[in-house]
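File shown here: final.txt, holding compact mmCIF, C-alpha atoms and all ligand atoms.
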# COMPACT_ATOMS: atom_id res chain seq x y z
CA MET A 1 0.00 0.00 0.00
CA ARG A 2 1.25 3.48 -0.85
CA ARG A 3 1.91 5.56 2.28
CA SER A 4 3.47 8.96 2.88
CA VAL A 5 6.51 9.33 5.14
CA ILE A 6 8.59 12.31 6.17
CA LYS A 7 12.12 11.85 4.80
CA GLY A 8 13.51 15.12 6.10
CA THR A 9 12.56 18.35 7.85
CA GLY A 10 14.25 21.75 7.96
CA ARG A 11 13.73 25.20 9.42
CA TYR A 12 15.03 28.66 8.81
CA ILE A 13 14.69 31.59 11.17
CA PRO A 14 15.98 34.98 9.98
CA PRO A 15 18.83 36.43 12.08
CA HIS A 16 17.29 39.73 13.26
CA LEU A 17 16.33 39.18 16.92
CA VAL A 18 13.49 41.32 18.33
CA THR A 19 12.97 41.00 22.09
CA ASN A 20 9.88 42.08 23.99
CA ASP A 21 11.91 44.98 25.37
CA ASP A 22 12.75 46.05 21.81
CA LEU A 23 9.01 46.20 21.04
CA ALA A 24 8.34 48.14 24.25
CA LYS A 25 10.59 50.89 22.84
CA ILE A 26 8.26 51.45 19.86
CA ILE A 27 4.79 50.54 21.17
CA ASP A 28 2.97 50.73 24.48
CA THR A 29 3.63 47.24 25.82
CA THR A 30 5.85 45.44 28.33
CA ASP A 31 7.87 42.26 28.45
CA GLU A 32 5.75 41.22 31.43
CA TRP A 33 2.42 41.66 29.58
CA ILE A 34 3.61 39.75 26.53
CA GLN A 35 5.11 36.87 28.51
CA GLN A 36 2.14 36.59 30.85
CA ARG A 37 -0.50 36.56 28.07
CA THR A 38 1.36 34.63 25.37
CA GLY A 39 4.57 33.05 26.73
CA ILE A 40 6.57 34.83 24.00
CA LYS A 41 9.99 36.21 25.03
CA GLN A 42 11.36 37.10 21.61
CA ARG A 43 10.89 36.60 17.89
CA TYR A 44 12.99 37.02 14.75
CA TRP A 45 12.14 39.35 11.91
CA ILE A 46 13.78 39.74 8.53
CA GLU A 47 16.51 42.36 8.33
CA PRO A 48 14.75 45.74 8.14
CA GLY A 49 15.25 47.29 4.71
CA SER A 50 16.08 43.98 3.03
CA VAL A 51 14.04 42.49 0.17
CA THR A 52 13.20 39.12 1.70
CA GLY A 53 10.01 37.28 0.78
CA SER A 54 8.47 34.18 2.31
CA SER A 55 9.97 32.21 -0.56
CA ASP A 56 13.50 33.26 0.51
CA LEU A 57 12.97 31.88 4.00
CA ALA A 58 11.28 28.81 2.48
CA LEU A 59 14.26 28.18 0.23
CA GLU A 60 16.65 27.93 3.20
CA ALA A 61 14.29 25.63 5.14
CA SER A 62 13.72 23.49 2.03
CA LYS A 63 17.44 23.08 1.35
CA LYS A 64 17.96 21.75 4.89
CA ALA A 65 14.99 19.37 4.63
CA MET A 66 16.16 18.15 1.21
CA ASP A 67 19.71 17.57 2.49
CA LYS A 68 18.33 15.31 5.23
CA ALA A 69 16.03 13.53 2.78
CA GLY A 70 18.81 13.07 0.22
CA TRP A 71 16.69 14.80 -2.43
CA LYS A 72 17.87 16.96 -5.28
CA PRO A 73 15.48 19.67 -6.56
CA GLU A 74 14.71 17.62 -9.67
CA ASP A 75 13.40 14.79 -7.43
CA ILE A 76 10.42 16.94 -6.40
CA ASP A 77 7.11 16.06 -8.09
CA LEU A 78 5.10 18.83 -6.43
CA ILE A 79 5.76 21.89 -4.26
CA ILE A 80 3.08 22.86 -1.76
CA PHE A 81 3.60 26.28 -0.23
CA ALA A 82 1.52 27.37 2.77
CA THR A 83 1.60 31.05 3.67
CA LEU A 84 -0.61 34.01 4.55
CA SER A 85 2.19 36.42 3.65
CA PRO A 86 3.05 35.66 0.02
CA ASP A 87 6.01 37.49 -1.55
CA ILE A 88 3.52 39.53 -3.64
CA PHE A 89 -0.28 39.55 -4.11
CA PHE A 90 -0.05 37.13 -7.05
CA PRO A 91 1.37 34.79 -8.26
CA GLY A 92 1.79 32.69 -5.13
CA SER A 93 5.09 32.08 -3.37
CA GLY A 94 5.27 28.47 -4.62
CA VAL A 95 6.50 29.58 -8.04
CA PHE A 96 9.12 31.87 -6.52
CA LEU A 97 10.43 28.98 -4.44
CA GLN A 98 10.34 26.72 -7.48
CA THR A 99 12.52 29.00 -9.56
CA LYS A 100 14.90 29.63 -6.61
CA LEU A 101 15.33 25.84 -6.41
CA GLY A 102 16.47 25.98 -10.05
CA LEU A 103 13.35 24.26 -11.39
CA ASP A 104 11.29 25.33 -14.38
CA SER A 105 8.35 22.96 -14.78
CA THR A 106 7.63 21.30 -11.41
CA PRO A 107 4.04 22.12 -10.33
CA ALA A 108 3.66 24.51 -7.41
CA LEU A 109 0.52 24.87 -5.34
CA ASP A 110 -0.11 27.63 -2.81
CA ILE A 111 -2.27 27.02 0.23
CA ARG A 112 -4.00 29.91 2.03
CA GLN A 113 -5.05 28.24 5.25
CA GLN A 114 -2.98 30.36 7.64
CA CYS A 115 -2.05 28.62 10.91
CA THR A 116 -3.56 25.37 9.64
CA GLY A 117 -1.79 25.75 6.29
CA PHE A 118 0.92 23.18 6.93
CA LEU A 119 -1.68 20.58 7.96
CA TYR A 120 -3.76 21.24 4.84
CA GLY A 121 -0.46 21.01 2.93
CA ILE A 122 0.68 17.62 4.21
CA THR A 123 -2.85 16.25 3.91
CA THR A 124 -2.85 17.30 0.25
CA ALA A 125 0.62 15.79 -0.19
CA ASP A 126 -0.63 12.52 1.33
CA ALA A 127 -3.62 12.48 -1.05
CA TYR A 128 -1.38 13.05 -4.11
CA ILE A 129 0.99 10.31 -2.96
CA ARG A 130 -1.70 7.75 -2.10
CA ALA A 131 -3.43 8.46 -5.44
CA GLY A 132 -0.16 7.80 -7.29
CA ILE A 133 0.00 11.32 -8.74
CA ALA A 134 3.26 12.15 -6.95
CA ASP A 135 6.07 10.27 -5.21
CA ARG A 136 7.87 13.19 -3.60
CA VAL A 137 6.21 16.35 -2.35
CA LEU A 138 7.98 19.29 -0.76
CA VAL A 139 5.65 20.96 1.75
CA VAL A 140 6.73 24.34 3.10
CA GLY A 141 5.16 26.76 5.55
CA ALA A 142 6.77 30.20 5.55
CA GLU A 143 5.89 33.70 6.69
CA VAL A 144 7.27 37.19 6.60
CA HIS A 145 4.91 38.91 9.02
CA SER A 146 7.15 41.73 10.13
CA THR A 147 6.66 43.93 7.05
CA GLY A 148 2.86 43.80 7.44
CA LEU A 149 2.37 44.57 11.12
CA ASP A 150 0.94 47.75 12.58
CA LYS A 151 3.90 48.90 14.68
CA THR A 152 1.89 51.56 16.52
CA ASP A 153 -0.08 51.23 19.77
CA ARG A 154 -3.21 50.53 17.68
CA GLY A 155 -1.78 47.18 16.53
CA ARG A 156 -0.07 46.10 19.74
CA ASP A 157 -2.26 43.04 20.41
CA VAL A 158 -1.27 41.50 17.06
CA THR A 159 2.22 42.90 16.51
CA VAL A 160 3.76 41.41 19.66
CA ILE A 161 2.67 37.91 18.67
CA PHE A 162 4.10 37.36 15.20
CA GLY A 163 7.54 36.24 14.08
CA ASP A 164 9.06 35.47 10.69
CA GLY A 165 10.28 31.99 9.80
CA ALA A 166 9.95 28.91 7.63
CA GLY A 167 9.74 25.16 8.03
CA ALA A 168 9.77 22.43 5.38
CA ALA A 169 9.13 18.71 5.12
CA CYS A 170 10.03 16.27 2.35
CA ILE A 171 7.16 13.80 2.06
CA GLU A 172 7.87 10.63 0.10
CA VAL A 173 6.00 7.52 -0.96
CA CYS A 174 6.70 4.32 0.97
CA GLU A 175 5.24 0.92 0.06
CA SER A 176 4.23 -0.74 3.33
CA ASP A 177 1.43 -2.81 4.83
CA GLU A 178 2.28 -1.45 8.27
CA GLU A 179 0.48 1.59 9.56
CA ILE A 180 3.31 4.12 9.26
CA GLY A 181 3.77 7.69 8.11
CA ILE A 182 0.69 9.90 7.77
CA ILE A 183 -2.04 7.71 9.21
CA GLY A 184 -4.92 10.12 9.63
CA HIS A 185 -6.16 13.64 9.08
CA ALA A 186 -9.04 15.75 10.29
CA LEU A 187 -9.44 19.17 8.68
CA HIS A 188 -12.15 21.73 9.34
CA ALA A 189 -13.16 25.29 8.52
CA ASP A 190 -15.92 27.66 9.61
CA GLY A 191 -16.16 30.79 7.50
CA LYS A 192 -18.47 32.63 9.83
CA TYR A 193 -15.40 33.52 11.88
CA ALA A 194 -13.48 34.79 8.83
CA GLU A 195 -13.45 38.36 10.07
CA SER A 196 -12.35 37.43 13.61
CA LEU A 197 -8.79 37.29 12.32
CA MET A 198 -8.07 38.85 8.95
CA LEU A 199 -5.98 41.18 6.87
CA GLU A 200 -8.58 42.96 4.77
CA LEU A 201 -6.68 45.11 2.27
CA PRO A 202 -6.04 45.14 -0.63
CA ALA A 203 -9.48 43.64 -1.29
CA SER A 204 -10.69 42.84 -4.80
CA ARG A 205 -14.31 43.09 -3.59
CA TYR A 206 -14.04 46.90 -3.38
CA SER A 207 -14.76 48.87 -6.52
CA PRO A 208 -13.46 50.79 -8.36
CA GLU A 209 -10.18 50.23 -6.46
CA ARG A 210 -9.09 47.63 -3.98
CA LEU A 211 -6.82 49.97 -2.01
CA THR A 212 -7.17 53.72 -1.56
CA LYS A 213 -5.53 56.19 0.81
CA GLU A 214 -8.91 56.72 2.49
CA MET A 215 -9.21 53.01 3.30
CA MET A 216 -5.78 53.04 4.88
CA VAL A 217 -6.68 55.75 7.40
CA ASP A 218 -8.11 53.14 9.79
CA GLY A 219 -5.21 50.74 9.37
CA ARG A 220 -7.32 48.21 7.44
CA GLU A 221 -4.18 47.11 5.59
CA TYR A 222 -2.96 45.55 8.84
CA PRO A 223 -4.11 42.29 10.48
CA LYS A 224 -7.02 42.59 12.91
CA MET A 225 -7.83 39.99 15.52
CA ASP A 226 -10.58 39.33 18.02
CA GLY A 227 -8.06 37.73 20.36
CA SER A 228 -10.37 36.51 23.08
CA ARG A 229 -12.77 34.91 20.57
CA ILE A 230 -9.90 33.07 18.85
CA PHE A 231 -8.52 32.01 22.23
CA LYS A 232 -11.87 30.51 23.31
CA LEU A 233 -12.34 28.73 19.99
CA ALA A 234 -8.83 27.30 20.16
CA VAL A 235 -9.14 25.81 23.65
CA LYS A 236 -12.43 24.18 22.60
CA LYS A 237 -11.65 22.95 19.10
CA LEU A 238 -8.08 21.71 19.56
CA PRO A 239 -9.05 19.07 22.15
CA GLU A 240 -12.14 18.18 20.07
CA VAL A 241 -10.16 17.57 16.87
CA THR A 242 -7.58 15.57 18.83
CA HIS A 243 -10.26 13.20 20.10
CA GLU A 244 -11.81 13.08 16.62
CA ILE A 245 -8.61 11.97 14.90
CA LEU A 246 -7.79 9.42 17.60
CA GLU A 247 -11.27 7.94 17.29
CA LYS A 248 -11.00 7.88 13.49
CA THR A 249 -7.67 6.04 13.57
CA GLY A 250 -8.36 3.72 16.50
CA TYR A 251 -5.75 5.14 18.87
CA THR A 252 -6.20 6.51 22.38
CA ILE A 253 -4.84 9.61 24.03
CA ASN A 254 -2.27 7.53 25.93
CA ASP A 255 -0.86 6.17 22.67
CA LEU A 256 0.40 9.67 21.80
CA ASP A 257 4.12 10.14 22.36
CA MET A 258 4.22 13.81 21.41
CA ILE A 259 1.95 16.66 20.36
CA ILE A 260 3.39 19.36 18.11
CA PRO A 261 0.72 22.06 18.20
CA HIS A 262 0.67 25.28 16.22
CA GLN A 263 2.47 27.96 18.21
CA ALA A 264 -0.14 30.72 18.60
CA ASN A 265 -0.04 31.25 22.34
CA LEU A 266 1.63 29.21 25.09
CA ARG A 267 -1.43 29.68 27.32
CA ILE A 268 -3.70 28.17 24.65
CA ASN A 269 -1.41 25.16 24.39
CA GLU A 270 -1.26 24.76 28.19
CA PHE A 271 -5.09 24.76 28.42
CA TYR A 272 -5.23 22.34 25.49
CA LEU A 273 -2.84 19.90 27.17
CA GLN A 274 -4.68 20.22 30.47
CA LYS A 275 -8.00 19.37 28.76
CA LEU A 276 -6.39 16.27 27.27
CA GLY A 277 -5.10 15.30 30.72
CA LEU A 278 -1.55 14.80 29.47
CA PRO A 279 1.72 15.75 31.23
CA PRO A 280 3.87 18.67 29.94
CA GLU A 281 6.51 16.36 28.42
CA LYS A 282 3.92 15.17 25.85
CA MET A 283 3.84 18.56 24.14
CA PHE A 284 6.61 20.52 22.42
CA ASN A 285 6.45 24.32 22.44
CA ASN A 286 8.98 26.83 21.13
CA ILE A 287 6.83 29.97 20.79
CA GLN A 288 8.92 31.50 23.58
CA LYS A 289 11.81 31.89 21.11
CA TYR A 290 10.10 32.46 17.77
CA GLY A 291 6.64 33.94 18.38
CA ASN A 292 3.81 32.83 16.11
CA THR A 293 5.19 31.97 12.67
CA THR A 294 1.76 30.84 11.40
CA ALA A 295 2.17 28.32 8.54
CA GLY A 296 5.81 27.92 9.53
CA SER A 297 5.20 27.07 13.17
CA ILE A 298 4.43 23.33 12.99
CA PRO A 299 7.28 22.34 10.63
CA ILE A 300 9.68 24.58 12.59
CA ALA A 301 8.62 22.95 15.87
CA LEU A 302 8.69 19.46 14.37
CA ASP A 303 12.21 19.97 13.03
CA GLU A 304 13.43 21.38 16.33
CA ALA A 305 11.77 18.64 18.40
CA ILE A 306 13.46 15.99 16.23
CA GLU A 307 16.82 17.77 16.51
CA LEU A 308 16.51 17.98 20.30
CA GLY A 309 15.70 14.28 20.54
CA LYS A 310 12.18 14.94 21.87
CA ILE A 311 10.80 12.57 19.23
CA ASP A 312 12.05 9.03 18.73
CA THR A 313 12.05 8.89 14.94
CA SER A 314 12.21 5.09 15.02
CA LYS A 315 8.80 4.63 16.62
CA ASP A 316 6.91 7.63 18.03
CA LEU A 317 3.27 8.46 17.38
CA VAL A 318 3.05 12.22 16.91
CA LEU A 319 0.03 14.47 16.65
CA LEU A 320 0.23 17.76 14.73
CA SER A 321 -2.63 20.16 15.42
CA ALA A 322 -3.58 23.75 14.68
CA LEU A 323 -6.27 26.39 14.71
CA GLY A 324 -6.16 29.79 13.10
CA ALA A 325 -7.63 32.35 10.75
CA GLY A 326 -10.45 31.21 8.52
CA LEU A 327 -11.49 29.84 10.96
CA THR A 328 -9.56 26.72 10.08
CA TRP A 329 -8.45 23.94 12.36
CA GLY A 330 -7.31 20.36 12.16
CA ALA A 331 -4.96 17.57 13.13
CA VAL A 332 -2.69 15.05 11.44
CA LEU A 333 -1.50 11.84 13.08
CA TYR A 334 1.96 10.60 12.15
CA LYS A 335 3.71 7.33 13.02
CA PHE A 336 7.48 7.37 12.76
CA SER A 337 9.15 4.07 11.87
C1 LIG B 401 -3.97 38.44 21.79
C2 LIG B 401 -4.08 37.94 23.21
C3 LIG B 401 -2.70 37.59 23.73
C4 LIG B 401 -4.63 39.09 24.05
O1 LIG B 401 -4.79 38.65 25.36
P1 LIG B 401 -6.14 38.94 26.15
O2 LIG B 401 -5.93 38.47 27.51
O3 LIG B 401 -7.26 38.36 25.35
O4 LIG B 401 -6.13 40.49 26.15
P2 LIG B 401 -7.28 41.47 25.65
O5 LIG B 401 -7.30 41.50 24.18
O6 LIG B 401 -8.54 41.13 26.39
O7 LIG B 401 -6.74 42.81 26.19
C5 LIG B 401 -6.54 43.02 27.57
C6 LIG B 401 -5.92 44.39 27.75
O8 LIG B 401 -4.56 44.36 27.31
C7 LIG B 401 -4.33 45.41 26.38
N1 LIG B 401 -3.33 44.97 25.42
C8 LIG B 401 -3.52 44.37 24.22
N2 LIG B 401 -2.33 44.13 23.65
C9 LIG B 401 -1.38 44.58 24.50
C10 LIG B 401 0.02 44.62 24.47
N3 LIG B 401 0.74 44.13 23.47
N4 LIG B 401 0.66 45.14 25.54
C11 LIG B 401 0.00 45.63 26.58
N5 LIG B 401 -1.34 45.64 26.67
C12 LIG B 401 -2.02 45.12 25.63
C13 LIG B 401 -5.67 45.65 25.75
O9 LIG B 401 -5.72 46.96 25.21
C14 LIG B 401 -6.60 45.48 26.92
O10 LIG B 401 -6.58 46.65 27.69
P3 LIG B 401 -7.93 47.17 28.42
O11 LIG B 401 -8.31 46.09 29.38
O12 LIG B 401 -7.49 48.43 29.05
O13 LIG B 401 -8.92 47.35 27.31
C15 LIG B 401 -5.00 36.70 23.32
O14 LIG B 401 -6.33 37.07 23.16
C16 LIG B 401 -4.67 35.63 22.34
O15 LIG B 401 -3.59 35.10 22.30
N6 LIG B 401 -5.67 35.23 21.54
C17 LIG B 401 -5.52 34.16 20.59
C18 LIG B 401 -4.56 34.57 19.52
C19 LIG B 401 -4.47 33.51 18.51
O16 LIG B 401 -4.45 32.34 18.78
N7 LIG B 401 -4.43 33.91 17.30
C20 LIG B 401 -4.39 32.97 16.26
C21 LIG B 401 -3.14 33.17 15.67
S1 LIG B 401 -3.10 32.38 14.23
Kindly transcribe the structure held in the file into C-alpha cells.
Amino acid sequence: MRRSVIKGTGRYIPPHLVTNDDLAKIIDTTDEWIQQRTGIKQRYWIEPGSVTGSSDLALEASKKAMDKAGWKPEDIDLIIFATLSPDIFFPGSGVFLQTKLGLDSTPALDIRQQCTGFLYGITTADAYIRAGIADRVLVVGAEVHSTGLDKTDRGRDVTVIFGDGAGAACIEVCESDEEIGIIGHALHADGKYAESLMLELPASRYSPERLTKEMMVDGREYPKMDGSRIFKLAVKKLPEVTHEILEKTGYTINDLDMIIPHQANLRINEFYLQKLGLPPEKMFNNIQKYGNTTAGSIPIALDEAIELGKIDTSKDLVLLSALGAGLTWGAVLYKFS
C-alpha cells in the first residue's frame, strides 16, 4: 500500500532578533504583559530594509529538509507552499520557491489556510501520494509577518505575537502494509469567523479600487484579531479535533508520544494539554523563542523537536494540530518508523 513518510525536515529563522523589550521601545507594551499573556519572550524578523520574501525563508528551510532527505530539486514532483504572507499579491510564493530551487516545470501549489496551512499542505501531499499522482512532495510553511504589522499602539495586540520563519518537510511515498507515516487527518473550517482574524486590504471586492488612501486611514491594511474569541475557539476545538482523529484512527490519548501544536499562544497550548489530561513532556512548544510563525510554526517545531531528541524517529506516534484564521483547524496523526 502506498503511504506517505517524512524523509527530512528543515527550518530557517531569519537572524534579526526582536525582544519584547525592543518592542516596548516602539509601542505601548511590556515584556511582562507579553510573557504573561502569550509566553513569548522574543521573535525574529527579517533584516529591516532587506528584500526578503516568504519564498526566501522557504528556500533555506527546504534546502535543509532536502539535504536530510537526500533529495535533489529535480526529485520533487510537487511543491506545496503554505503562507498568509506571500512574496507579492499574485502569483503565489510556490512559483518563486520553485525558480529559486532551479526548477522550471515542477508544479507549485499555494495554500492559504494560515495557521492550519501546513496541515492542509501535508494532507494534500498525502492524497497526491496515495493516489499515485506524486512520489515526492515538498511541503513548506513560511511567513514574513514583520513587514505587514501595525507597529503603533493601535496594533499592539497582534504585533507582539508574530515572528518570521519557515519550516519544510520532504514527504515521500513508501510501500508498506504497516500503519506508518501519515495515518490520519481531520481538517475543518468555519467561514463565519473569517473576520475574527483577517488582513482585509487590498481587497478585490471593493470597486473601483481595492486599495485607496482613504481606506488606509483606519489601518485596514494591517491584520485585525478578536483575540479573546480566537482564544476561546482554540481551547475548545483543539481538544475536540484531537479526540476526533484518535477515534477515526483507532488510537487513544495515551498512545500519543508527542503533540506538536501550532504555536499561537503558550497559554492556549497549556489549556489544550490540560484538557487532554496529558503531562507537559507530551507537548513541544517553542513559541517562547520564535513567536507565532503561522504556517511555519508546525514544521519549525517538528524539526526542532526531532533535533533535540524529543521525538524518537524510530517509533513515536506524533500528533500535529492547529487552529487559526479562517477559521480553520485540524490535526494530522503521524507514526514514525
Ligand atoms: C492576543 C491575546 C494575547 C490578548 O490577550 P487577552 O488576555 O485576550 O487580552 P485582551 O485582548 O482582552 O486585552 C486586555 C488588555 O490588554 C491590552 N493589550 C492588548 N495588547 C497589548 C500589548 N501588546 N501590551 C500591553 N497591553 C495590551 C488591551 O488593550 C486590553 O486593555 P484594556 O483592558 O485596558 O482594554 C490573546 O487574546 C490571544 O492570544 N488570543 C488568541 C490569539 C491567537 O491564537 N491567534 C491565532 C493566531 S493564528
Show me as a compact mmCIF listing (two decimals) with C-alpha atoms, in the coordinates of the input the residues that reach within 8 Å of (0.5, 47.4, 5.3), counting only C-alpha atoms and using the file's own coordinates.
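Final output, selection08.txt:
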# COMPACT_ATOMS: atom_id res chain seq x y z
CA THR A 147 6.66 43.93 7.05
CA GLY A 148 2.86 43.80 7.44
CA LEU A 149 2.37 44.57 11.12
CA ASP A 150 0.94 47.75 12.58
CA GLY A 219 -5.21 50.74 9.37
CA GLU A 221 -4.18 47.11 5.59
CA TYR A 222 -2.96 45.55 8.84
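Atom to atom, atom CA of Ser55 of chain A and atom CA of Lys335 of chain A stand 29.0 Å apart.
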Inset, instruction - Go through A:Met225, A:Ile40, A:Ile245, A:Cys115 and flag the residue nearest Arg267 of chain A, using only C-alpha atoms for the distances. - result: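 Smallest separation from Arg267 of chain A among the options: A:Ile40.
Between atom CA of Gly250 of chain A and atom CA of Ile306 of chain A the separation is 25.0 Å.
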Inset, instruction - Would you please work out which residue, of A:Thr328, A:Lys41, A:Thr152, A:Tyr120, is nearest to Lys25 of chain A when using only C-alpha atoms? - result: A:Thr152
